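The structure under discussion appears below in the form of structure tokens.
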There are 2 protein chains.
Amino acid sequence: MLEKPRIYQNIEQKNLKKLLNSLQSNTLFYKNNQTIAYSIGNREIIGIIEEGKANLVRFDYDGKRTILEEMNEGDIFSDLFISTDNGELSVISTTDCKVTFIEYPELIEEAKKSHTALLVINNLIQLMANKLVKRNERIELLTTRSIRNKLLNYFELQAKKNNSKSFNLEYSYTDLADYLSVDRSAMMRELKNLKDDNLITDTNKKITILY
Amino acid sequence: MLEKPRIYQNIEQKNLKKLLNSLQSNTLFYKNNQTIAYSIGNREIIGIIEEGKANLVRFDYDGKRTILEEMNEGDIFSDLFISTDNGELSVISTTDCKVTFIEYPELIEEAKKSHTALLVINNLIQLMANKLVKRNERIELLTTRSIRNKLLNYFELQAKKNNSKSFNLEYSYTDLADYLSVDRSAMMRELKNLKDDNLITDTNKKITILY
DNA sequence: AAAATACTGTTGCAATTGCAACAATTTTAC
DNA sequence: GTAAAATTGTTGCAATTGCAACAGTATTTT
């Protein structure tokens, strides 16, 4: 399916360096499991994950944690496109990380004269489009009624992405329950039902759809 | 709160005309309640709502309808940022509509020489950021457990947007149930409970939070 | 202004779900 | 390599939710 677009895709290293210099970019290093702070004043800052992985996480008022997004190398995050209306959002590293911060208005300004900046902007749009698709998928899952159907939908989606009736679960069951926003034990029960009804098999994290 | 950015924001009419000419844009008219077709081959086409309103709607396999997004004048839609993995997505006009289609790769190409195109791209990014925020809000609502909490969260969010404990519901209750993805009658029951518990009042579609 | 359509408000009942609690296993950390 | 932490798997039970089926109001349509 869709190849994941990266913010520096199709850009030559030497042009990129020049661009990052003229943007006064700022690179910081984080250890695993640290909060990546990036919201300074109300400047429109974009964080770029150069190396490592991080999650976009919400903590709601009763302390419940929800992973809103998993991010890898070449991915971006920004206050520009997350709201903080309902609980607290943070970006938390899940490995050691190298993160570069740039200011979006500077990038746009730069694009007036720099071809490279325009390429980055194009990649930025692709990344945002990608995020929109993912959030759409999540919404589609969350709006299906019943745990049973959520599981079936999720499995079908993964199968389609893998071009096969079999695929390896990339989440733990605990995280999957979180992703589908259902009680874990209730989900396990439905999973068992699906197996009993011969709709799927599940040999340690490898799911196969039988229909 | 956030003023909704429009795709033609901050662009002079005469520059815009020139741009749309050089992009070979295509303008079509639709009556109310028509499907707006725009996915032609796999070209990266962006639809721009010049006049009127439309909804992004999903029909799942059991025929259930879900409104994924409501769009107004100056808003955009594109295969670029919706997936069609799970059921069928369509854009359906909810008033008479005037829609212009442009091809995204042409827009990027044009930005190499045209300042106006770059402004449009900037607006495009703002719009996408806005959509990301909205889908985020929706996800946050959908991941809250229990109808009661969904309602309270939704009301609090609306109150915050209005800077007031009172606000007018912009949805019908039928649509709100759809948006929160819960059974309408169960939602009405919880709404009644909230009123009985003196947490809110509801005088024909004007909600007031009492705490 | 009548008819048709859509929305609101309500209820009993059955099905689904969440919660709590636990043992067993696996993974991570020191 | 052992202790600690996290994940898996299971169950009874209570609470929440969805469904079906109404009647009553609004709102469109012609």
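Labels for the structure tokens follow display order: chains A, B, ..., residues from 1 in each chain, ligands from 1.
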Could you give me, as a ChimeraX atom specification, the residues within 10 Å of Lys206 of chain A, counting only C-alpha atoms (C1' of nucleotides) and dropping anything in the same chain fewer than 2 positions from it? /A:166-170,201-204,208
Hey, could you lay chain B over chain A with a least-squares C-alpha fit (all atoms, paired in order) and save it as a short mmCIF file (atom, residue, chain, number, x, y, z; two decimals) with C-alpha atoms, in the first residue's frame?
```cif
data_model
loop_
_atom_site.label_atom_id
_atom_site.label_comp_id
_atom_site.auth_asym_id
_atom_site.auth_seq_id
_atom_site.Cartn_x
_atom_site.Cartn_y
_atom_site.Cartn_z
CA MET B 1 -0.03 -0.05 0.12
CA LEU B 2 0.94 3.55 0.54
CA GLU B 3 4.63 3.94 1.14
CA LYS B 4 5.08 6.19 4.10
CA PRO B 5 6.36 9.54 2.96
CA ARG B 6 9.22 11.04 4.91
CA ILE B 7 9.87 14.66 5.46
CA TYR B 8 13.30 14.53 3.79
CA GLN B 9 12.30 12.26 0.94
CA ASN B 10 13.86 13.05 -2.43
CA ILE B 11 16.14 15.68 -1.02
CA GLU B 12 19.91 15.60 -1.39
CA GLN B 13 21.89 15.62 1.82
CA LYS B 14 23.91 18.67 0.90
CA ASN B 15 20.86 20.73 -0.07
CA LEU B 16 19.13 19.68 3.10
CA LYS B 17 22.06 20.84 5.21
CA LYS B 18 22.04 24.18 3.50
CA LEU B 19 18.31 24.55 4.10
CA LEU B 20 18.49 23.60 7.77
CA ASN B 21 21.25 26.14 8.26
CA SER B 22 19.30 28.98 6.73
CA LEU B 23 16.29 28.02 8.87
CA GLN B 24 18.21 28.20 12.14
CA SER B 25 17.01 24.72 13.00
CA ASN B 26 17.56 23.28 16.41
CA THR B 27 18.53 19.66 17.06
CA LEU B 28 18.08 17.95 20.44
CA PHE B 29 18.68 14.47 21.80
CA TYR B 30 16.35 12.52 24.07
CA LYS B 31 16.67 9.27 25.97
CA ASN B 32 13.99 6.62 25.86
CA ASN B 33 10.73 7.42 27.65
CA GLN B 34 11.23 11.16 27.90
CA THR B 35 8.71 13.86 27.17
CA ILE B 36 9.67 15.81 24.08
CA ALA B 37 8.87 19.46 24.79
CA TYR B 38 8.37 21.58 21.73
CA SER B 39 5.56 24.02 22.33
CA ILE B 40 7.32 27.28 23.00
CA GLY B 41 5.17 30.36 23.19
CA ASN B 42 2.75 30.10 20.34
CA ARG B 43 5.27 29.83 17.59
CA GLU B 44 4.41 27.41 14.83
CA ILE B 45 7.13 24.88 15.44
CA ILE B 46 7.45 21.56 13.65
CA GLY B 47 9.38 18.71 15.26
CA ILE B 48 11.10 16.27 12.94
CA ILE B 49 12.11 12.85 14.20
CA GLU B 50 15.56 12.32 12.72
CA GLU B 51 16.28 9.10 14.58
CA GLY B 52 14.23 6.88 16.87
CA LYS B 53 10.55 6.54 17.65
CA ALA B 54 8.00 8.45 19.70
CA ASN B 55 4.31 8.35 20.54
CA LEU B 56 1.71 11.06 20.62
CA VAL B 57 -0.12 10.32 23.86
CA ARG B 58 -3.12 11.73 25.66
CA PHE B 59 -3.59 11.59 29.41
CA ASP B 60 -7.17 12.33 30.31
CA TYR B 61 -8.31 13.68 33.62
CA ASP B 62 -8.79 10.30 35.28
CA GLY B 63 -5.20 9.48 34.34
CA LYS B 64 -6.09 7.10 31.52
CA ARG B 65 -3.54 6.95 28.76
CA THR B 66 -4.36 6.72 25.07
CA ILE B 67 -1.84 6.40 22.27
CA LEU B 68 -3.07 8.74 19.55
CA GLU B 69 -0.26 8.13 17.11
CA GLU B 70 2.95 6.19 16.73
CA MET B 71 5.74 8.04 14.97
CA ASN B 72 8.93 6.84 13.37
CA GLU B 73 12.03 8.25 11.74
CA GLY B 74 11.14 10.93 9.22
CA ASP B 75 7.82 11.67 10.85
CA ILE B 76 6.77 15.04 12.19
CA PHE B 77 4.67 16.54 14.97
CA SER B 78 3.42 20.01 15.72
CA ASP B 79 0.97 22.03 17.75
CA LEU B 80 -0.21 23.10 14.33
CA PHE B 81 -2.18 19.93 14.02
CA ILE B 82 -3.04 18.72 17.47
CA SER B 83 -5.58 20.21 19.79
CA THR B 84 -5.23 20.20 23.55
CA ASP B 85 -8.86 20.62 24.46
CA ASN B 86 -9.53 17.49 26.34
CA GLY B 87 -6.84 16.28 28.66
CA GLU B 88 -3.17 16.62 28.08
CA LEU B 89 -1.22 15.72 24.94
CA SER B 90 2.45 14.87 25.01
CA VAL B 91 5.05 13.45 22.70
CA ILE B 92 7.00 10.74 24.48
CA SER B 93 10.06 9.00 23.09
CA THR B 94 9.84 5.21 22.92
CA THR B 95 13.49 4.82 21.98
CA ASP B 96 16.46 7.18 22.15
CA CYS B 97 15.67 10.02 19.80
CA LYS B 98 17.22 12.77 17.76
CA VAL B 99 14.75 15.55 17.01
CA THR B 100 15.12 18.68 14.89
CA PHE B 101 12.84 21.67 15.36
CA ILE B 102 12.10 24.18 12.64
CA GLU B 103 9.70 27.07 12.45
CA TYR B 104 6.99 26.62 9.89
CA PRO B 105 6.67 30.30 8.87
CA GLU B 106 10.39 30.37 8.13
CA LEU B 107 10.03 27.31 5.96
CA ILE B 108 7.30 28.95 3.90
CA GLU B 109 9.32 32.14 3.61
CA GLU B 110 12.32 30.15 2.47
CA ALA B 111 10.27 28.41 -0.22
CA LYS B 112 10.02 31.69 -2.09
CA LYS B 113 13.63 31.33 -3.08
CA SER B 114 14.63 27.77 -2.31
CA HIS B 115 13.60 24.80 -4.37
CA THR B 116 14.67 22.52 -1.52
CA ALA B 117 12.28 24.20 0.91
CA LEU B 118 9.46 23.60 -1.55
CA LEU B 119 10.36 19.93 -1.72
CA VAL B 120 10.20 19.77 2.07
CA ILE B 121 6.81 21.46 1.97
CA ASN B 122 5.61 18.91 -0.54
CA ASN B 123 6.75 16.13 1.77
CA LEU B 124 5.08 17.89 4.66
CA ILE B 125 1.79 17.83 2.79
CA GLN B 126 2.21 14.14 2.00
CA LEU B 127 2.89 13.41 5.67
CA MET B 128 -0.15 15.35 6.76
CA ALA B 129 -2.27 13.57 4.18
CA ASN B 130 -0.95 10.33 5.58
CA LYS B 131 -1.86 11.32 9.11
CA LEU B 132 -5.35 12.25 7.92
CA VAL B 133 -5.76 8.84 6.37
CA LYS B 134 -4.61 7.13 9.56
CA ARG B 135 -6.88 9.16 11.78
CA ASN B 136 -9.67 8.37 9.37
CA GLU B 137 -8.99 4.67 9.74
CA ARG B 138 -9.00 5.04 13.48
CA ILE B 139 -12.32 6.89 13.39
CA GLU B 140 -13.80 4.23 11.17
CA LEU B 141 -12.74 1.57 13.66
CA LEU B 142 -13.97 3.52 16.64
CA THR B 143 -17.37 4.11 15.08
CA THR B 144 -18.07 0.44 14.43
CA ARG B 145 -20.42 -0.94 17.05
CA SER B 146 -19.48 -3.95 19.18
CA ILE B 147 -16.07 -5.27 20.06
CA ARG B 148 -16.57 -8.23 17.77
CA ASN B 149 -16.97 -6.00 14.71
CA LYS B 150 -14.11 -3.76 15.75
CA LEU B 151 -11.83 -6.74 15.87
CA LEU B 152 -13.04 -8.07 12.54
CA ASN B 153 -12.65 -4.67 10.91
CA TYR B 154 -9.20 -4.22 12.32
CA PHE B 155 -8.13 -7.66 11.17
CA GLU B 156 -9.56 -7.11 7.69
CA LEU B 157 -7.75 -3.81 7.40
CA GLN B 158 -4.45 -5.37 8.43
CA ALA B 159 -5.00 -8.25 6.02
CA LYS B 160 -5.65 -5.81 3.21
CA LYS B 161 -2.49 -3.89 4.04
CA ASN B 162 -0.53 -7.12 4.00
CA ASN B 163 -2.18 -8.47 0.89
CA SER B 164 -2.78 -11.71 2.71
CA LYS B 165 -5.27 -13.41 5.00
CA SER B 166 -2.44 -13.78 7.52
CA PHE B 167 -0.44 -11.15 9.28
CA ASN B 168 1.45 -10.53 12.47
CA LEU B 169 -0.13 -8.31 15.07
CA GLU B 170 2.03 -5.28 15.56
CA TYR B 171 0.33 -4.39 18.84
CA SER B 172 0.23 -6.25 22.11
CA TYR B 173 -3.33 -7.17 23.07
CA THR B 174 -3.17 -4.59 25.79
CA ASP B 175 -2.30 -1.90 23.26
CA LEU B 176 -4.84 -3.16 20.74
CA ALA B 177 -7.59 -2.82 23.35
CA ASP B 178 -6.33 0.70 23.91
CA TYR B 179 -6.34 1.45 20.20
CA LEU B 180 -9.89 0.14 19.78
CA SER B 181 -10.82 1.85 23.02
CA VAL B 182 -12.44 -1.17 24.67
CA ASP B 183 -11.91 -3.09 27.86
CA ARG B 184 -9.08 -5.54 27.47
CA SER B 185 -10.76 -8.48 29.18
CA ALA B 186 -13.94 -7.96 27.17
CA MET B 187 -11.81 -7.90 24.02
CA MET B 188 -10.08 -11.14 24.97
CA ARG B 189 -13.48 -12.70 25.46
CA GLU B 190 -14.60 -11.65 22.00
CA LEU B 191 -11.32 -12.82 20.52
CA LYS B 192 -12.02 -16.22 22.01
CA ASN B 193 -15.51 -16.16 20.52
CA LEU B 194 -14.10 -15.39 17.09
CA LYS B 195 -11.76 -18.36 17.41
CA ASP B 196 -14.57 -20.63 18.66
CA ASP B 197 -16.70 -19.57 15.69
CA ASN B 198 -13.84 -20.48 13.34
CA LEU B 199 -13.60 -17.00 11.89
CA ILE B 200 -9.95 -16.56 12.75
CA THR B 201 -6.96 -18.44 14.11
CA ASP B 202 -4.37 -16.86 16.34
CA THR B 203 -1.07 -18.66 16.82
CA ASN B 204 0.97 -16.34 19.00
CA LYS B 205 0.29 -13.01 17.44
CA LYS B 206 -0.12 -14.32 13.92
CA ILE B 207 -3.74 -13.83 12.93
CA THR B 208 -5.30 -15.68 10.01
CA ILE B 209 -8.72 -14.84 8.67
CA LEU B 210 -10.63 -17.99 7.77
CA TYR B 211 -13.43 -16.60 5.61
#
```
Using DSSP assignments from the backbone, pull out every residue in segment 18-207 of chain A that falls under strand (DSSP E) and give it to me as number ranges by chain. A: 26-30, 45-51, 54-59, 65-71, 76-78, 88-93, 97-103, 166-168, 200-203, 206-207
Take the residues from that selection and write them out as a short mmCIF file (atom, residue, chain, number, x, y, z; two decimals), in the first residue's frame, keeping N, CA and C atoms.
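The file below, result.cif, is the result:
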```cif
data_model
loop_
_atom_site.label_atom_id
_atom_site.label_comp_id
_atom_site.auth_asym_id
_atom_site.auth_seq_id
_atom_site.Cartn_x
_atom_site.Cartn_y
_atom_site.Cartn_z
N ASN A 26 17.14 23.60 15.02
CA ASN A 26 17.59 23.31 16.36
C ASN A 26 17.48 21.81 16.60
N THR A 27 18.61 21.15 16.85
CA THR A 27 18.56 19.70 17.03
C THR A 27 18.83 19.31 18.47
N LEU A 28 17.97 18.45 19.02
CA LEU A 28 18.12 18.02 20.41
C LEU A 28 18.08 16.50 20.50
N PHE A 29 18.69 15.99 21.58
CA PHE A 29 18.74 14.55 21.79
C PHE A 29 17.94 14.18 23.04
N TYR A 30 17.22 13.06 22.94
CA TYR A 30 16.41 12.59 24.07
C TYR A 30 16.71 11.13 24.33
N ILE A 45 5.95 25.71 15.54
CA ILE A 45 7.14 24.89 15.43
C ILE A 45 6.79 23.48 14.97
N ILE A 46 7.63 22.94 14.10
CA ILE A 46 7.47 21.56 13.66
C ILE A 46 8.66 20.75 14.16
N GLY A 47 8.36 19.64 14.82
CA GLY A 47 9.40 18.73 15.27
C GLY A 47 9.58 17.61 14.26
N ILE A 48 10.82 17.33 13.93
CA ILE A 48 11.13 16.29 12.95
C ILE A 48 11.92 15.20 13.65
N ILE A 49 11.42 13.97 13.59
CA ILE A 49 12.15 12.87 14.22
C ILE A 49 13.23 12.38 13.27
N GLU A 50 14.47 12.71 13.59
CA GLU A 50 15.60 12.33 12.74
C GLU A 50 15.97 10.88 12.96
N GLU A 51 15.99 10.51 14.23
CA GLU A 51 16.32 9.14 14.60
C GLU A 51 15.46 8.74 15.77
N ALA A 54 8.77 7.78 18.66
CA ALA A 54 8.07 8.48 19.73
C ALA A 54 6.57 8.28 19.57
N ASN A 55 5.84 8.44 20.65
CA ASN A 55 4.38 8.36 20.60
C ASN A 55 3.76 9.71 20.93
N LEU A 56 2.64 9.96 20.27
CA LEU A 56 1.79 11.06 20.68
C LEU A 56 0.74 10.48 21.61
N VAL A 57 0.72 10.97 22.85
CA VAL A 57 -0.06 10.34 23.91
C VAL A 57 -0.99 11.34 24.56
N ARG A 58 -2.19 10.88 24.90
CA ARG A 58 -3.07 11.73 25.70
C ARG A 58 -3.24 11.15 27.09
N PHE A 59 -3.17 12.00 28.09
CA PHE A 59 -3.54 11.61 29.44
C PHE A 59 -4.82 12.34 29.79
N ARG A 65 -4.40 6.67 29.87
CA ARG A 65 -3.46 6.98 28.81
C ARG A 65 -4.00 6.44 27.49
N THR A 66 -3.94 7.21 26.45
CA THR A 66 -4.28 6.72 25.12
C THR A 66 -3.19 7.11 24.14
N ILE A 67 -2.71 6.11 23.38
CA ILE A 67 -1.75 6.42 22.33
C ILE A 67 -2.51 6.92 21.12
N LEU A 68 -2.29 8.16 20.74
CA LEU A 68 -2.99 8.72 19.59
C LEU A 68 -2.25 8.44 18.30
N GLU A 69 -0.94 8.32 18.40
CA GLU A 69 -0.19 8.11 17.17
C GLU A 69 1.20 7.58 17.50
N GLU A 70 1.68 6.68 16.65
CA GLU A 70 3.04 6.18 16.80
C GLU A 70 3.88 6.77 15.69
N MET A 71 5.01 7.32 16.04
CA MET A 71 5.82 8.03 15.05
C MET A 71 7.21 7.43 14.93
N ILE A 76 6.82 13.72 11.64
CA ILE A 76 6.80 15.06 12.22
C ILE A 76 5.68 15.21 13.23
N PHE A 77 5.80 16.21 14.08
CA PHE A 77 4.71 16.54 15.00
C PHE A 77 4.71 18.04 15.23
N SER A 78 3.56 18.56 15.61
CA SER A 78 3.45 20.00 15.75
C SER A 78 2.16 20.38 16.45
N GLU A 88 -4.48 16.09 28.33
CA GLU A 88 -3.14 16.62 28.09
C GLU A 88 -2.45 15.80 27.02
N LEU A 89 -1.89 16.44 26.02
CA LEU A 89 -1.18 15.73 24.98
C LEU A 89 0.32 15.88 25.16
N SER A 90 1.04 14.79 25.03
CA SER A 90 2.50 14.90 25.05
C SER A 90 3.11 14.00 24.00
N VAL A 91 4.32 14.36 23.61
CA VAL A 91 5.11 13.50 22.75
C VAL A 91 6.16 12.84 23.62
N ILE A 92 6.17 11.51 23.65
CA ILE A 92 7.08 10.78 24.53
C ILE A 92 7.93 9.82 23.71
N SER A 93 9.23 9.93 23.88
CA SER A 93 10.13 9.05 23.14
C SER A 93 9.95 7.61 23.58
N CYS A 97 16.24 9.29 20.94
CA CYS A 97 15.74 10.09 19.82
C CYS A 97 16.63 11.28 19.50
N LYS A 98 16.67 11.59 18.22
CA LYS A 98 17.27 12.83 17.77
C LYS A 98 16.18 13.62 17.06
N VAL A 99 15.92 14.82 17.54
CA VAL A 99 14.79 15.59 17.01
C VAL A 99 15.25 16.98 16.58
N THR A 100 14.85 17.36 15.38
CA THR A 100 15.15 18.71 14.90
C THR A 100 13.88 19.55 14.88
N PHE A 101 14.02 20.79 15.34
CA PHE A 101 12.87 21.68 15.35
C PHE A 101 13.08 22.80 14.33
N ILE A 102 12.06 23.04 13.53
CA ILE A 102 12.12 24.19 12.62
C ILE A 102 10.85 25.01 12.80
N GLU A 103 10.90 26.24 12.32
CA GLU A 103 9.71 27.08 12.42
C GLU A 103 9.01 27.10 11.07
N SER A 166 -3.14 -13.58 6.30
CA SER A 166 -2.37 -13.73 7.53
C SER A 166 -1.49 -12.51 7.77
N PHE A 167 -1.30 -12.18 8.99
CA PHE A 167 -0.40 -11.08 9.32
C PHE A 167 -0.04 -11.15 10.79
N ASN A 168 1.05 -10.51 11.13
CA ASN A 168 1.45 -10.47 12.53
C ASN A 168 0.90 -9.21 13.19
N ILE A 200 -11.34 -16.83 12.72
CA ILE A 200 -9.91 -16.53 12.69
C ILE A 200 -9.13 -17.62 13.44
N THR A 201 -7.83 -17.69 13.16
CA THR A 201 -6.94 -18.41 14.06
C THR A 201 -5.91 -17.41 14.57
N ASP A 202 -5.28 -17.77 15.68
CA ASP A 202 -4.35 -16.85 16.33
C ASP A 202 -3.25 -17.68 16.98
N THR A 203 -2.19 -17.89 16.23
CA THR A 203 -1.06 -18.62 16.82
C THR A 203 0.03 -17.62 17.16
N LYS A 206 0.14 -14.19 15.38
CA LYS A 206 -0.09 -14.27 13.94
C LYS A 206 -1.56 -14.61 13.71
N ILE A 207 -2.27 -13.63 13.17
CA ILE A 207 -3.70 -13.79 12.93
C ILE A 207 -3.92 -14.28 11.50
#
```
Quick check for you: according to DSSP on this backbone, which residues of segment 63-154 of chain B are classed as helix (DSSP H, G or I)? Reply as a ChimeraX atom specification. /B:79-81,104-111,115-143,147-154
Grab the atom C1' of DG18 of chain D to atom C1' of DA14 of chain C distance for me, in Å with one decimal place.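 Separating atom C1' of DG18 of chain D from atom C1' of DA14 of chain C is a distance of 9.2 Å.
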Give me the residues of chain D that have any atom at most 10 Å from an atom of chain A; for each, the nearest atom pair and the distance in Å, rounded to one decimal. Use only C-alpha atoms (C1' of nucleotides), sort by chain and number, and format it as a tab-separated table.
```
residue	atom	partner	partner_atom	distance
D:DA6	C1'	A:Thr174	CA	9.8
D:DT7	C1'	A:Thr174	CA	7.2
D:DT8	C1'	A:Tyr173	CA	8.1
D:DG9	C1'	A:Met188	CA	7.6
D:DT10	C1'	A:Ser185	CA	8.5
D:DT11	C1'	A:Ser185	CA	10.0
D:DG18	C1'	A:Arg145	CA	9.4
```
Using the selection just defined, write its residues with N, CA and C atoms (P, O5', C5', C4', C3', O3' and C1' of nucleotides) as a PDB file, in the first residue's frame.
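Written out: selection.pdb:
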```
ATOM      1  P    DA D   6       5.207  -1.819  34.788  1.00  0.00           P
ATOM      2  O5'  DA D   6       4.770  -2.802  33.616  1.00  0.00           O
ATOM      3  C5'  DA D   6       5.681  -3.080  32.559  1.00  0.00           C
ATOM      4  C4'  DA D   6       5.122  -4.215  31.752  1.00  0.00           C
ATOM      5  C3'  DA D   6       3.668  -3.983  31.317  1.00  0.00           C
ATOM      6  O3'  DA D   6       3.622  -4.092  29.921  1.00  0.00           O
ATOM      7  C1'  DA D   6       3.953  -6.153  32.245  1.00  0.00           C
ATOM      8  P    DT D   7       2.304  -3.985  29.060  1.00  0.00           P
ATOM      9  O5'  DT D   7       1.922  -5.510  28.777  1.00  0.00           O
ATOM     10  C5'  DT D   7       2.859  -6.337  28.110  1.00  0.00           C
ATOM     11  C4'  DT D   7       2.269  -7.720  28.054  1.00  0.00           C
ATOM     12  C3'  DT D   7       0.855  -7.763  27.469  1.00  0.00           C
ATOM     13  O3'  DT D   7       0.901  -8.642  26.362  1.00  0.00           O
ATOM     14  C1'  DT D   7       0.995  -9.022  29.454  1.00  0.00           C
ATOM     15  P    DT D   8      -0.366  -9.044  25.512  1.00  0.00           P
ATOM     16  O5'  DT D   8      -0.902 -10.375  26.210  1.00  0.00           O
ATOM     17  C5'  DT D   8      -0.126 -11.552  26.105  1.00  0.00           C
ATOM     18  C4'  DT D   8      -0.800 -12.667  26.850  1.00  0.00           C
ATOM     19  C3'  DT D   8      -2.193 -13.046  26.328  1.00  0.00           C
ATOM     20  O3'  DT D   8      -2.134 -14.417  26.014  1.00  0.00           O
ATOM     21  C1'  DT D   8      -2.199 -12.820  28.684  1.00  0.00           C
ATOM     22  P    DG D   9      -3.244 -15.122  25.097  1.00  0.00           P
ATOM     23  O5'  DG D   9      -4.278 -15.686  26.171  1.00  0.00           O
ATOM     24  C5'  DG D   9      -3.810 -16.611  27.139  1.00  0.00           C
ATOM     25  C4'  DG D   9      -4.864 -16.779  28.210  1.00  0.00           C
ATOM     26  C3'  DG D   9      -6.313 -16.782  27.712  1.00  0.00           C
ATOM     27  O3'  DG D   9      -6.854 -18.060  28.025  1.00  0.00           O
ATOM     28  C1'  DG D   9      -6.065 -15.509  29.680  1.00  0.00           C
ATOM     29  P    DT D  10      -8.304 -18.494  27.525  1.00  0.00           P
ATOM     30  O5'  DT D  10      -9.190 -18.315  28.841  1.00  0.00           O
ATOM     31  C5'  DT D  10      -8.625 -18.683  30.073  1.00  0.00           C
ATOM     32  C4'  DT D  10      -9.527 -18.266  31.236  1.00  0.00           C
ATOM     33  C3'  DT D  10     -11.009 -18.148  30.918  1.00  0.00           C
ATOM     34  O3'  DT D  10     -11.679 -19.230  31.543  1.00  0.00           O
ATOM     35  C1'  DT D  10     -10.244 -16.373  32.322  1.00  0.00           C
ATOM     36  P    DT D  11     -13.239 -19.471  31.382  1.00  0.00           P
ATOM     37  O5'  DT D  11     -13.860 -18.604  32.574  1.00  0.00           O
ATOM     38  C5'  DT D  11     -13.635 -19.000  33.908  1.00  0.00           C
ATOM     39  C4'  DT D  11     -14.342 -18.001  34.802  1.00  0.00           C
ATOM     40  C3'  DT D  11     -15.801 -17.759  34.414  1.00  0.00           C
ATOM     41  O3'  DT D  11     -16.621 -18.450  35.350  1.00  0.00           O
ATOM     42  C1'  DT D  11     -14.636 -15.724  34.939  1.00  0.00           C
ATOM     43  P    DG D  18     -24.637   1.979  22.397  1.00  0.00           P
ATOM     44  O5'  DG D  18     -25.672   0.860  21.943  1.00  0.00           O
ATOM     45  C5'  DG D  18     -25.170  -0.430  21.670  1.00  0.00           C
ATOM     46  C4'  DG D  18     -26.261  -1.322  21.139  1.00  0.00           C
ATOM     47  C3'  DG D  18     -27.052  -0.755  19.968  1.00  0.00           C
ATOM     48  O3'  DG D  18     -27.230  -1.831  19.066  1.00  0.00           O
ATOM     49  C1'  DG D  18     -28.533  -1.255  21.765  1.00  0.00           C
TER      50       DG D  18
END
```
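Using only C-alpha atoms (C1' of nucleotides), the shortest contact distance between chain B and any of C:DA29, C:DA20, C:DC7, C:DC13 is found at C:DC7.
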To one decimal in Å, tell me the separation between atom C1' of DG18 of chain C and atom C1' of DC19 of chain D. 19.9 Å
Residues of chain C at most 12 Å from chain B: nearest atom pair and distance in Å, only C-alpha atoms (C1' of nucleotides), as JSON lines:
```
{"residue": "C:DA6", "atom": "C1'", "partner": "B:Thr174", "partner_atom": "CA", "distance": 9.9}
{"residue": "C:DC7", "atom": "C1'", "partner": "B:Thr174", "partner_atom": "CA", "distance": 7.2}
{"residue": "C:DT8", "atom": "C1'", "partner": "B:Tyr173", "partner_atom": "CA", "distance": 8.1}
{"residue": "C:DG9", "atom": "C1'", "partner": "B:Met188", "partner_atom": "CA", "distance": 7.5}
{"residue": "C:DT10", "atom": "C1'", "partner": "B:Arg189", "partner_atom": "CA", "distance": 8.5}
{"residue": "C:DT11", "atom": "C1'", "partner": "B:Ser185", "partner_atom": "CA", "distance": 10.0}
{"residue": "C:DT17", "atom": "C1'", "partner": "B:Ser146", "partner_atom": "CA", "distance": 10.2}
{"residue": "C:DG18", "atom": "C1'", "partner": "B:Arg145", "partner_atom": "CA", "distance": 9.4}
```
Which residues come within 12 Å of DC30 of chain C, counting only C-alpha atoms (C1' of nucleotides), excluding same-chain residues fewer than 6 positions away, as a count of residues only? 4
Interatomic distance (Å, one decimal) between atom C1' of DA21 of chain C and atom C1' of DA14 of chain D: 14.5 Å
